[in-house]
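Novice: So I've got this file, my_file.cif, and it contains mmCIF, C-alpha atoms:
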data_entry
loop_
_atom_site.label_atom_id
_atom_site.label_comp_id
_atom_site.auth_asym_id
_atom_site.auth_seq_id
_atom_site.Cartn_x
_atom_site.Cartn_y
_atom_site.Cartn_z
CA PRO L 280 135.28 83.51 110.24
CA VAL L 281 137.73 85.58 108.16
CA ASN L 282 137.83 86.93 104.65
CA ALA L 283 140.46 86.46 101.98
CA THR L 284 142.08 89.66 100.70
CA VAL L 285 142.80 90.26 97.03
CA PRO L 286 145.23 93.16 96.50
CA ALA L 287 145.13 95.36 93.39
CA VAL L 288 146.43 92.60 91.11
CA ALA L 289 145.63 91.91 87.48
CA PRO L 290 142.55 89.73 86.91
CA GLY L 291 144.74 86.87 85.70
CA ASP L 292 146.53 86.79 89.06
CA VAL L 293 143.34 86.49 91.12
CA PRO L 294 143.15 82.65 91.15
CA ALA L 295 146.70 82.38 92.54
CA VAL L 296 145.94 84.86 95.34
CA LEU L 297 142.74 83.05 96.31
CA ALA L 298 144.57 79.70 96.28
CA ARG L 299 146.55 80.89 99.33
CA TYR L 300 143.38 80.84 101.44
CA ASP L 301 141.87 77.59 102.67
CA GLY L 302 138.10 77.31 102.41
CA THR L 303 137.36 81.00 102.14
CA ARG L 304 133.69 82.02 101.96
CA THR L 305 134.23 85.80 101.94
CA VAL L 306 136.62 87.92 99.86
CA LYS L 307 137.66 91.56 100.22
CA VAL L 308 138.90 93.10 96.98
CA LYS L 309 141.10 96.18 96.99
CA VAL L 310 139.93 98.90 94.62
CA ALA L 311 140.74 102.57 93.88
CA GLU L 312 144.47 101.96 94.12
CA ARG L 313 146.72 104.61 92.58
CA GLY L 314 147.33 103.90 88.90
CA HIS L 315 144.22 101.71 88.54
CA SER L 316 140.99 102.72 86.82
CA VAL L 317 137.41 101.81 87.66
CA ASP L 318 137.55 99.44 84.67
CA ASP L 319 140.51 97.71 86.33
CA ASP L 320 138.55 97.42 89.58
CA VAL L 321 135.49 95.97 87.85
CA ALA L 322 137.66 93.42 86.02
CA ARG L 323 139.31 92.36 89.30
CA VAL L 324 135.99 91.93 91.10
CA ALA L 325 134.60 90.03 88.11
CA ALA L 326 137.59 87.67 88.24
CA VAL L 327 136.96 86.96 91.93
CA ARG L 328 133.29 86.31 91.28
CA ALA L 329 134.21 83.93 88.45
CA VAL L 330 136.46 81.89 90.77
CA LEU L 331 134.05 81.95 93.74
CA PRO L 332 130.51 82.37 92.41
CA ASP L 333 128.88 81.84 95.81
CA ALA L 334 131.26 83.79 98.06
CA GLU L 335 130.43 87.02 99.85
CA LEU L 336 132.28 89.89 98.16
CA ARG L 337 133.23 93.25 99.60
CA VAL L 338 135.44 96.01 98.22
CA ASP L 339 137.83 98.32 100.06
CA ALA L 340 138.78 101.65 98.49
CA ASN L 341 140.80 103.00 101.45
CA GLY L 342 139.27 106.41 100.69
CA GLY L 343 140.74 106.44 97.18
CA TRP L 344 137.71 107.70 95.26
CA ASP L 345 135.95 111.04 95.21
CA VAL L 346 132.18 111.06 95.71
CA PRO L 347 131.08 111.00 92.02
CA THR L 348 133.59 108.25 91.17
CA ALA L 349 132.55 106.19 94.18
CA VAL L 350 128.87 106.33 93.27
CA GLN L 351 129.60 105.52 89.63
CA ALA L 352 132.00 102.67 90.50
CA LEU L 353 129.70 101.11 93.08
CA GLY L 354 126.81 101.32 90.65
CA ARG L 355 128.84 99.18 88.26
CA LEU L 356 130.11 96.82 90.99
CA ALA L 357 126.70 96.29 92.59
CA GLY L 358 125.91 93.68 89.94
CA TYR L 359 128.51 91.40 91.51
CA ARG L 360 126.44 91.23 94.71
CA LEU L 361 128.61 93.28 97.04
CA GLN L 362 128.20 92.72 100.76
CA TYR L 363 129.43 96.28 101.41
CA ALA L 364 131.93 98.92 100.29
CA GLU L 365 134.60 99.87 102.81
CA GLN L 366 135.67 103.53 103.05
CA PRO L 367 134.84 104.49 99.44
CA VAL L 368 135.94 108.11 100.10
CA MET L 369 137.87 109.90 102.80
CA GLY L 370 136.10 112.00 105.39
CA ILE L 371 132.82 111.57 107.20
CA ALA L 372 130.97 114.17 105.14
CA GLY L 373 132.01 112.39 101.95
CA LEU L 374 130.91 109.02 103.31
CA ARG L 375 127.52 110.44 104.15
CA ARG L 376 127.11 111.90 100.64
CA VAL L 377 128.06 108.59 99.02
CA ARG L 378 125.59 106.74 101.21
CA GLU L 379 122.80 109.21 100.43
CA GLN L 380 123.47 109.18 96.69
CA LEU L 381 123.61 105.39 96.55
CA ARG L 382 120.23 105.22 98.24
CA ALA L 383 118.76 107.88 95.94
CA ALA L 384 119.99 105.93 92.90
CA GLY L 385 118.58 102.65 94.21
CA ILE L 386 122.06 101.09 94.53
CA GLY L 387 121.87 98.69 97.44
CA VAL L 388 125.51 98.66 98.56
CA PRO L 389 126.01 99.33 102.30
CA VAL L 390 128.85 101.66 103.30
CA ALA L 391 131.42 100.66 105.91
CA ALA L 392 133.69 103.12 107.74
CA ASP L 393 137.30 102.21 108.53
CA GLU L 394 139.64 105.21 108.35
CA SER L 395 136.72 107.40 109.46
CA VAL L 396 136.73 105.46 112.73
CA ARG L 397 140.40 104.78 113.50
CA LYS L 398 141.85 108.05 112.16
CA GLU L 399 139.29 110.41 113.67
CA GLU L 400 139.82 112.11 117.01
CA ASP L 401 136.22 111.07 117.77
CA PRO L 402 135.66 107.49 116.50
CA LEU L 403 131.93 107.76 117.25
CA ARG L 404 131.31 110.75 115.01
CA VAL L 405 130.70 108.56 111.95
CA ALA L 406 127.79 106.90 113.76
CA ARG L 407 126.34 110.14 115.10
CA GLU L 408 126.34 111.69 111.64
CA ASP L 409 124.66 108.66 110.04
CA ALA L 410 127.55 108.30 107.60
CA ALA L 411 127.90 104.49 107.55
CA ASP L 412 125.90 101.29 107.78
CA LEU L 413 128.64 99.45 109.69
CA ILE L 414 132.06 100.11 111.17
CA VAL L 415 135.42 98.38 110.87
CA VAL L 416 137.29 98.12 114.17
CA LYS L 417 141.02 97.46 114.56
CA VAL L 418 142.45 96.81 118.00
CA GLN L 419 145.84 98.49 117.74
CA PRO L 420 144.85 101.95 116.45
CA LEU L 421 141.78 102.06 118.69
CA GLY L 422 143.79 101.45 121.86
CA GLY L 423 143.10 97.84 122.79
CA VAL L 424 140.31 95.28 122.95
CA ARG L 425 138.33 96.89 125.78
CA ARG L 426 138.33 100.33 124.17
CA ALA L 427 137.33 98.87 120.79
CA LEU L 428 134.46 97.01 122.44
CA ARG L 429 133.33 100.22 124.09
CA ILE L 430 133.37 102.05 120.75
CA VAL L 431 131.28 99.32 119.12
CA ALA L 432 128.75 99.42 121.97
CA GLU L 433 128.44 103.20 121.86
CA ALA L 434 128.28 103.39 118.05
CA GLY L 435 125.31 101.02 117.92
CA LEU L 436 126.30 99.79 114.43
CA PRO L 437 127.26 96.32 113.20
CA ALA L 438 131.03 95.84 113.45
CA VAL L 439 133.68 93.99 111.48
CA GLY L 440 136.89 93.04 113.26
CA SER L 441 139.92 93.73 111.10
CA SER L 442 143.65 94.38 111.10
CA ALA L 443 146.50 95.46 108.89
CA LEU L 444 149.47 93.34 107.84
CA ASP L 445 150.26 92.25 111.38
CA SER L 446 152.26 89.23 112.43
CA SER L 447 150.36 86.32 113.97
CA VAL L 448 150.91 87.93 117.38
CA GLY L 449 149.04 91.06 116.31
CA ILE L 450 146.37 89.10 114.46
CA SER L 451 145.66 87.01 117.58
CA VAL L 452 144.66 90.21 119.41
CA GLY L 453 142.26 91.05 116.59
CA VAL L 454 140.80 87.56 116.93
CA ALA L 455 140.34 88.19 120.66
CA LEU L 456 138.31 91.31 119.85
CA ALA L 457 136.21 89.46 117.30
CA ALA L 458 135.51 86.66 119.79
CA ALA L 459 134.44 89.20 122.42
CA LEU L 460 131.98 91.08 120.19
CA PRO L 461 128.37 90.40 121.20
CA ASP L 462 127.41 89.89 117.55
CA LEU L 463 129.59 88.97 114.57
CA PRO L 464 127.48 89.32 111.41
CA TYR L 465 130.44 89.57 109.02
CA ALA L 466 133.63 87.61 108.42
CA CYS L 467 136.63 89.46 109.83
CA GLY L 468 139.56 90.98 107.98
CA LEU L 469 142.11 88.97 109.93
CA GLY L 470 143.45 86.55 107.33
CA THR L 471 146.34 88.69 106.12
CA VAL L 472 149.12 86.43 107.43
CA SER L 473 148.34 84.35 104.33
CA LEU L 474 149.77 87.19 102.22
CA MET L 475 153.12 87.28 104.05
CA ALA L 476 156.35 85.55 103.07
CA GLY L 477 157.29 84.94 106.71
CA ASP L 478 156.06 85.32 110.27
CA VAL L 479 157.42 85.51 113.81
CA ALA L 480 155.27 82.62 115.09
CA ALA L 481 156.35 79.02 114.66
CA ARG L 482 152.74 78.15 113.79
CA PRO L 483 151.44 81.10 111.75
CA LEU L 484 147.85 82.14 112.35
CA VAL L 485 146.47 81.39 108.89
CA PRO L 486 142.84 80.43 108.19
CA ALA L 487 141.73 76.81 107.99
CA GLY L 488 138.37 76.26 106.35
CA GLY L 489 137.81 80.02 106.40
CA PHE L 490 138.22 80.32 110.19
CA LEU L 491 140.91 81.32 112.70
CA PRO L 492 141.25 79.82 116.19
CA VAL L 493 140.93 81.97 119.30
CA GLY L 494 143.95 81.96 121.59
CA ALA L 495 147.28 83.53 122.46
CA VAL L 496 150.16 83.32 119.99
CA ALA L 497 153.79 83.50 121.12
CA ALA L 498 156.66 84.82 119.05
CA ASP L 499 159.51 82.43 118.30
CA GLU L 500 162.94 83.80 119.31
CA GLU L 501 164.69 82.38 116.25
CA LEU L 502 162.10 83.84 113.89
CA LEU L 503 162.24 87.19 115.66
CA GLU L 504 165.96 87.29 114.96
CA ARG L 505 165.53 86.14 111.34
CA PHE L 506 162.95 88.81 110.53
CA ALA L 507 164.39 91.59 112.67
CA ALA L 508 164.22 95.05 111.16
CA ALA L 509 167.41 96.77 110.07
CA GLY L 510 169.09 98.96 112.66
CA ASP L 511 167.83 102.29 111.33
CA ARG L 512 164.27 100.99 111.09
CA ARG L 513 164.45 99.56 114.60
CA GLN L 514 165.60 102.92 115.91
CA TRP L 515 162.75 104.63 114.04
CA TRP L 516 160.26 102.46 115.94
CA LEU L 517 161.99 102.97 119.27
CA ASP L 518 161.92 106.74 118.75
CA ARG L 519 158.23 106.56 117.89
CA LEU L 520 157.49 104.50 121.00
CA GLY L 521 159.38 107.05 123.09
CA ARG L 522 157.35 109.94 121.65
CA THR L 523 154.12 108.03 122.19
CA TYR L 524 154.99 107.21 125.80
CA ALA L 525 155.87 110.85 126.46
CA TRP L 526 152.58 112.01 124.94
CA LEU L 527 150.54 109.54 127.01
CA THR L 528 152.32 110.01 130.32
CA GLY L 529 154.07 113.36 130.19
CA GLU L 530 157.31 111.53 131.04
CA THR L 531 160.38 111.32 128.82
CA ILE L 532 162.32 108.07 128.48
CA LYS L 533 165.50 107.19 126.60
CA VAL L 534 165.20 104.32 124.16
#
Output the file's structure as structure tokens, nothing else.

Specialist:
Amino acid sequence: PVNATVPAVAPGDVPAVLARYDGTRTVKVKVAERGHSVDDDVARVAAVRAVLPDAELRVDANGGWDVPTAVQALGRLAGYRLQYAEQPVMGIAGLRRVREQLRAAGIGVPVAADESVRKEEDPLRVAREDAADLIVVKVQPLGGVRRALRIVAEAGLPAVGSSALDSSVGISVGVALAAALPDLPYACGLGTVSLMAGDVAARPLVPAGGFLPVGAVAADEELLERFAAAGDRRQWWLDRLGRTYAWLTGETIKV
């Protein structure tokens, strides 16, 4: 099962975004985006709830709030029956403070850690410091399916499989992780191909009835050529791959 994703759009645009997802039962709403107020966030979440009164709702701040704003905003959003709030603030210490203050105020919104897992040198620190109720795991930044599974096992917290704006090839690897998890209590954040204007797979991996199939996805050569990055951007990626390879192996290659 996968969630729909509603970017930081105006409330009036919410129905059109949700219409791109077939049979969704869970929606993640982006909040705390630059240039948007808490009032804007509340209006966006309210619009989603109006369209899907029975859906599971979660919000994702990508660390955009400070602690007082996060607690105040989640206090207001709790009335829309939030499943959880993803990365309301940056940093593990901040997450822990938000979680403690929500509990003290009687606001029953669980806290999920995303950036505090994939951007930390130690992805297990968030669990050791009791800073989150669940973790979001993404295959690519965590180093592959097996390593992500090991992190979930060692963290001992419920996990949500997720991804960024990957092509169907990348999303299929996230689906493989989700299918391999011993328990999958939450819909996964793997429905983002629905937001894209194009894809490199002939049969894009978009949800049907709120679900994605498990299986390998091959890139189509014609589509790869059509959506190829410009020369300078391609070289940027090749240079990055070269630096990464050198860091991992101690060997230098020319790309």

Novice: Tell me which residues the PyMOL selection byres ((chain L and resi 358) around 10) grabs here, as a PDB file with C-alpha atoms, keeping the file's coordinate frame.

Specialist:
ATOM      1  CA  ALA L 325     134.600  90.030  88.110  1.00  0.00           C
ATOM      2  CA  LEU L 353     129.700 101.110  93.080  1.00  0.00           C
ATOM      3  CA  GLY L 354     126.810 101.320  90.650  1.00  0.00           C
ATOM      4  CA  ARG L 355     128.840  99.180  88.260  1.00  0.00           C
ATOM      5  CA  LEU L 356     130.110  96.820  90.990  1.00  0.00           C
ATOM      6  CA  ALA L 357     126.700  96.290  92.590  1.00  0.00           C
ATOM      7  CA  TYR L 359     128.510  91.400  91.510  1.00  0.00           C
ATOM      8  CA  ARG L 360     126.440  91.230  94.710  1.00  0.00           C
ATOM      9  CA  LEU L 361     128.610  93.280  97.040  1.00  0.00           C
ATOM     10  CA  ILE L 386     122.060 101.090  94.530  1.00  0.00           C
ATOM     11  CA  GLY L 387     121.870  98.690  97.440  1.00  0.00           C
ATOM     12  CA  VAL L 388     125.510  98.660  98.560  1.00  0.00           C
TER      13      VAL L 388
END

Novice: At most 12 Å is the cut-off: for each residue in segment 310-341 of chain L with any atom that close to an atom of segment 462-475 of chain L, write down the nearest atom pair and the distance in Å rounded to one decimal, counting only C-alpha atoms, chain first then increasing number, as JSON lines.

Specialist:
{"residue": "L:Ala334", "atom": "CA", "partner": "L:Ala466", "partner_atom": "CA", "distance": 11.3}
{"residue": "L:Glu335", "atom": "CA", "partner": "L:Ala466", "partner_atom": "CA", "distance": 9.2}
{"residue": "L:Leu336", "atom": "CA", "partner": "L:Ala466", "partner_atom": "CA", "distance": 10.6}
{"residue": "L:Arg337", "atom": "CA", "partner": "L:Ala466", "partner_atom": "CA", "distance": 10.5}
{"residue": "L:Val338", "atom": "CA", "partner": "L:Gly468", "partner_atom": "CA", "distance": 11.7}
{"residue": "L:Asp339", "atom": "CA", "partner": "L:Gly468", "partner_atom": "CA", "distance": 10.9}

Novice: Generate a file of the selected residues that holds C-alpha atoms, formatted as a short mmCIF file (atom, residue, chain, number, x, y, z; two decimals), in the coordinates of the input.

Specialist:
data_model
loop_
_atom_site.label_atom_id
_atom_site.label_comp_id
_atom_site.auth_asym_id
_atom_site.auth_seq_id
_atom_site.Cartn_x
_atom_site.Cartn_y
_atom_site.Cartn_z
CA ALA L 334 131.26 83.79 98.06
CA GLU L 335 130.43 87.02 99.85
CA LEU L 336 132.28 89.89 98.16
CA ARG L 337 133.23 93.25 99.60
CA VAL L 338 135.44 96.01 98.22
CA ASP L 339 137.83 98.32 100.06
#

Novice: Assuming the chain letters and numbering stay as they are in my file, what does the PyMOL selection byres ((chain L and resi 399-404) around 12) actually select? List them as a PyMOL selection string.

Specialist: chain L and resi 369-372+374-375+392-398+405-411+413-417+420-422+426-427+429-436

Novice: Any chance you could work out the residue set of the PyMOL selection byres ((chain L and resi 448-453) around 12) here, as number ranges by chain?

Specialist: L: 281, 415-425, 427-428, 439-447, 454-460, 467-473, 478-486, 491-499, 503

Novice: How many Å separate atom CA of Ala364 of chain L from atom CA of Pro332 of chain L?

Specialist: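 Taking atom CA of Ala364 of chain L and atom CA of Pro332 of chain L, their separation equals 18.4 Å.
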
Novice: Report as a list in words all protein, DNA and RNA residues lying within 12 Å of segment 517-534 of chain L, evaluated on all atoms listed in the file, omitting residues in the same chain fewer than 4 positions from it.

Specialist: Gly422, Ala508, Gly510, Asp511, Arg512 and Arg513 of chain L

Novice: Can you tell me how far atom CA of Val350 of chain L sits from atom CA of Ala329 of chain L, in Å to one decimal?

Specialist: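 Between these atoms lies a distance of 23.5 Å.
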
Novice: So which residues are close to (141.0, 78.9, 99.7), meaning at most 9 Å away in the file's coordinates with only C-alpha atoms counted, and can you show them as a list in words?

Specialist: Ala283, Val296, Leu297, Ala298, Arg299, Tyr300, Asp301, Gly302, Thr303, Arg304, Pro486, Ala487, Gly488 and Gly489 of chain L

Novice: What does the distance between atom CA of Asp333 of chain L and atom CA of Asn282 of chain L come to in Å, to one decimal place?

Specialist: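 We find that atom CA of Asp333 of chain L and atom CA of Asn282 of chain L lie 13.6 Å from each other.
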
Novice: Would you please work out which residue, of L:Asp318, L:Asp292, L:Asp345, L:Asp412, is nearest to Arg382 of chain L when using all atoms listed in the file?

Specialist: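 So, comparing all the options, the nearest one is L:Asp412.
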
Novice: Using all atoms listed in the file, can you tell me which of L:Val346, L:Gln362, L:Ala352, L:Val288 comes closest to Lys307 of chain L?

Specialist: L:Gln362
